[in-house]
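**Student:** Below is the structure I would like to discuss, written out as structure tokens.
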Amino acid sequence: MPENNLVEVSHLRKTYGATVAVDDVSLTVRPGEIFGILGPNGAGKTTTVESIAGLRTPDAGTVRVAGLDPRKRRTEITSLIGVQLQASELPERIKAWEALELYASFYPDPADPAELLERLGLTAVRDTAFAKLSGGQKQRLSIALALIGNPKIAILDELTTGLDPQARRDTWELVKQIRDSGVTIILVTHFMEEAEYLCDRIAIIDNGLVVALDTPAGLVDSARVEQRISFRVPGSLDDSVLKALPAVDSVARDGDRIVVTGNDDLLVEVVVELAARGQAPRDLHTEQTTLDDAFLALAGRHLEGADR
């Protein structure tokens, strides 16, 4: 395995009866990055990361973590990877500190539970039963449990599902802090904004296949087919004036607004032409290609959690 890859997945396939959960997934994760696995529910995201963690046995393909096969080197992999799974639950009455102490006992050289509680802002609720923790506090505790073994890699699966916007933002900042402390993160999500805000690179998975893998900006650029601007002008303006510009592909009307599409020079050419005619555009809007546009272009549909 190349030295610059901490995780390498090649042609992974996993089925459950007649259901193909993962068809042919290949990806690599580099040390020190937040690597996003993005896709709709049922796309194969969780099965992929469970195979990386050694919790699932693939039907075909290979997985290597720091050069090790999770199926054959389970003990070593357990010490390398900390996992927070979407369906993780704890006994209702177990206290936060008790859960950490229990998980710490599973590892030969665990992190200090008290330090983790402090680092994740849980000291004030250390004696609170799991059932009485808020959604955000439960997520923070699940992250603490994933970190208790001092892993090199943390797998965080649908980390912020069900959280309110503020708790979600707070969790995002926590994830960045964890990465900055030296932990490589594999983040599974179906939220566009989350992936775009946190991830260095993203693999988009749909129907068990990787349909694209790039940086957020690279995915957006690959989907950009046109620019779109809309505006109003004082007085009248014949559409033919704009259609004659080299950068313009189309001109349409939406009430009193003019909607123009074209290439990367669109905005400059339109503004210069209007200025030459003494018509300053009013209420000018530019529409940028989004990660959801990229998913739509690649998979033919919008993704849940997208801003649209």
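Residues in the structure tokens are named by chain (A, B, ... in the order shown) and by number from 1 within that chain; ligands are numbered from 1 in the order shown.
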Taking the DSSP assignment computed from this structure's backbone, write out as number ranges by chain all residues of stretch 32-177 of chain A that belong to alpha helix (DSSP H).
**Tutor:** A: 45-52, 74-80, 96-104, 113-119, 135-147, 165-177
**Student:** For stretch 147-260 of chain A versus stretch 36-53 of chain A, which residues have an atom no more than 6 Å away, and what is each residue's nearest atom pair and distance in Å rounded to one decimal, using only C-alpha atoms, chain-then-number order, as CSV?
**Tutor:**
residue,atom,partner,partner_atom,distance
A:Ile186,CA,A:Gly36,CA,5.9
A:Leu187,CA,A:Gly36,CA,4.7
A:Val188,CA,A:Ile37,CA,4.8
A:Thr189,CA,A:Leu38,CA,5.3
A:His190,CA,A:Gly39,CA,5.2
A:Cys199,CA,A:Gly36,CA,5.6
A:Ile202,CA,A:Gly36,CA,4.4
A:Ala203,CA,A:Ile37,CA,5.0
A:Ile204,CA,A:Leu38,CA,4.8
A:Ile205,CA,A:Gly39,CA,5.1
A:Asp206,CA,A:Ala43,CA,4.8
A:Asn207,CA,A:Ala43,CA,4.8
A:Gly208,CA,A:Gly44,CA,5.0
**Student:** Take the residues from that selection and put them in a file with C-alpha atoms, as an mmCIF file, in the first residue's frame.
**Tutor:**
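Saved result, result.cif, follows:
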data_model
loop_
_atom_site.group_PDB
_atom_site.id
_atom_site.type_symbol
_atom_site.label_atom_id
_atom_site.label_comp_id
_atom_site.auth_asym_id
_atom_site.auth_seq_id
_atom_site.Cartn_x
_atom_site.Cartn_y
_atom_site.Cartn_z
ATOM 1 C CA ILE A 186 -13.767 9.036 8.290
ATOM 2 C CA LEU A 187 -17.081 10.874 8.391
ATOM 3 C CA VAL A 188 -20.250 9.201 7.101
ATOM 4 C CA THR A 189 -23.082 11.604 6.383
ATOM 5 C CA HIS A 190 -26.053 12.374 4.158
ATOM 6 C CA CYS A 199 -14.292 17.266 4.626
ATOM 7 C CA ILE A 202 -15.471 13.222 -0.310
ATOM 8 C CA ALA A 203 -16.489 9.906 -1.841
ATOM 9 C CA ILE A 204 -20.070 10.067 -3.120
ATOM 10 C CA ILE A 205 -21.668 6.626 -2.871
ATOM 11 C CA ASP A 206 -24.973 5.739 -4.501
ATOM 12 C CA ASN A 207 -26.484 2.281 -4.948
ATOM 13 C CA GLY A 208 -23.349 0.671 -3.590
#
**Student:** Excluding A:Ile258 and residues on its chain fewer than 5 positions from it, collect all residues at most 8 Å away from it, counting only C-alpha atoms, and give them as a PyMOL selection string.
**Tutor:** chain A and resi 230-232+251-253
**Student:** With a cut-off of 12 Å, could you pull out the residues of stretch 29-70 of chain A touching stretch 168-181 of chain A and give me the nearest pair of atoms for each, distance in Å to one decimal, using only C-alpha atoms, ordered by chain and ascending number, as a tab-separated table?
**Tutor:**
residue	atom	partner	partner_atom	distance
A:Pro31	CA	A:Arg179	CA	9.9
A:Gly32	CA	A:Arg179	CA	6.6
A:Glu33	CA	A:Arg179	CA	7.1
A:Ile34	CA	A:Arg179	CA	7.0
A:Phe35	CA	A:Arg179	CA	10.6
**Student:** Between A:Leu141, A:Leu12, A:Leu284, A:Ala167, single out the one closest to A:Trp97, counting only C-alpha atoms.
**Tutor:**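 Going through A:Leu141, A:Leu12, A:Leu284, A:Ala167 one by one, the smallest distance to A:Trp97 is for A:Leu141.
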**Student:** Please list as a ChimeraX atom specification every residue within 8 Å of A:Ala154, counting only C-alpha atoms and excluding residues in the same chain fewer than 6 positions away.
**Tutor:** /A:81-84,146-147,183-186
**Student:** Could you save those same residues with C-alpha atoms as a PDB file, in the first residue's frame?
**Tutor:**
ATOM      1  CA  ILE A  81      -9.666   2.516  14.906  1.00  0.00           C
ATOM      2  CA  GLY A  82     -12.273   4.105  17.151  1.00  0.00           C
ATOM      3  CA  VAL A  83     -15.851   3.756  15.951  1.00  0.00           C
ATOM      4  CA  GLN A  84     -19.019   5.752  16.607  1.00  0.00           C
ATOM      5  CA  ALA A 146     -14.557   6.281  19.978  1.00  0.00           C
ATOM      6  CA  LEU A 147     -11.448   8.125  21.198  1.00  0.00           C
ATOM      7  CA  VAL A 183      -6.655  11.760  14.485  1.00  0.00           C
ATOM      8  CA  THR A 184      -7.651  10.885  10.918  1.00  0.00           C
ATOM      9  CA  ILE A 185     -11.434  10.976  10.554  1.00  0.00           C
ATOM     10  CA  ILE A 186     -13.767   9.036   8.290  1.00  0.00           C
TER      11      ILE A 186
END
**Student:** Each residue of stretch 189-218 of chain A with at least one atom at most 12 Å from stretch 285-292 of chain A should appear once, together with its nearest atom pair and the corresponding distance in Å (one decimal); atoms considered: only C-alpha atoms; ordering: chain, then increasing residue number; output as CSV.
**Tutor:**
residue,atom,partner,partner_atom,distance
A:His190,CA,A:Asp292,CA,10.7
A:Phe191,CA,A:Asp292,CA,9.7
A:Met192,CA,A:Leu291,CA,6.5
A:Glu193,CA,A:Leu291,CA,8.3
A:Glu194,CA,A:Leu291,CA,10.7
A:Ala195,CA,A:Leu291,CA,8.9
A:Glu196,CA,A:Leu291,CA,7.3
A:Tyr197,CA,A:Leu291,CA,10.9
A:Ile202,CA,A:Leu291,CA,10.4
A:Ala203,CA,A:Leu291,CA,11.9
A:Ile204,CA,A:Leu291,CA,10.2
A:Ala212,CA,A:Leu291,CA,11.6
A:Asp214,CA,A:Leu291,CA,11.4
A:Thr215,CA,A:Leu291,CA,10.5
A:Pro216,CA,A:Leu291,CA,7.1
A:Ala217,CA,A:Leu291,CA,8.4
A:Gly218,CA,A:Leu291,CA,9.7
**Student:** Keeping C-alpha atoms for every residue in the selection just given, could you write it to a file as a CSV table (one decimal), in the first residue's frame?
**Tutor:**
chain,number,residue,atom,x,y,z
A,190,HIS,CA,-26.1,12.4,4.2
A,191,PHE,CA,-25.9,16.1,5.0
A,192,MET,CA,-24.5,18.2,2.1
A,193,GLU,CA,-23.6,21.2,4.3
A,194,GLU,CA,-21.8,19.0,6.8
A,195,ALA,CA,-19.7,17.3,4.2
A,196,GLU,CA,-18.9,20.6,2.5
A,197,TYR,CA,-17.9,22.3,5.7
A,202,ILE,CA,-15.5,13.2,-0.3
A,203,ALA,CA,-16.5,9.9,-1.8
A,204,ILE,CA,-20.1,10.1,-3.1
A,212,ALA,CA,-17.3,10.4,-7.6
A,214,ASP,CA,-12.7,14.5,-5.0
A,215,THR,CA,-12.4,17.6,-2.8
A,216,PRO,CA,-15.7,19.4,-2.3
A,217,ALA,CA,-14.5,22.1,-4.7
A,218,GLY,CA,-13.5,19.6,-7.2
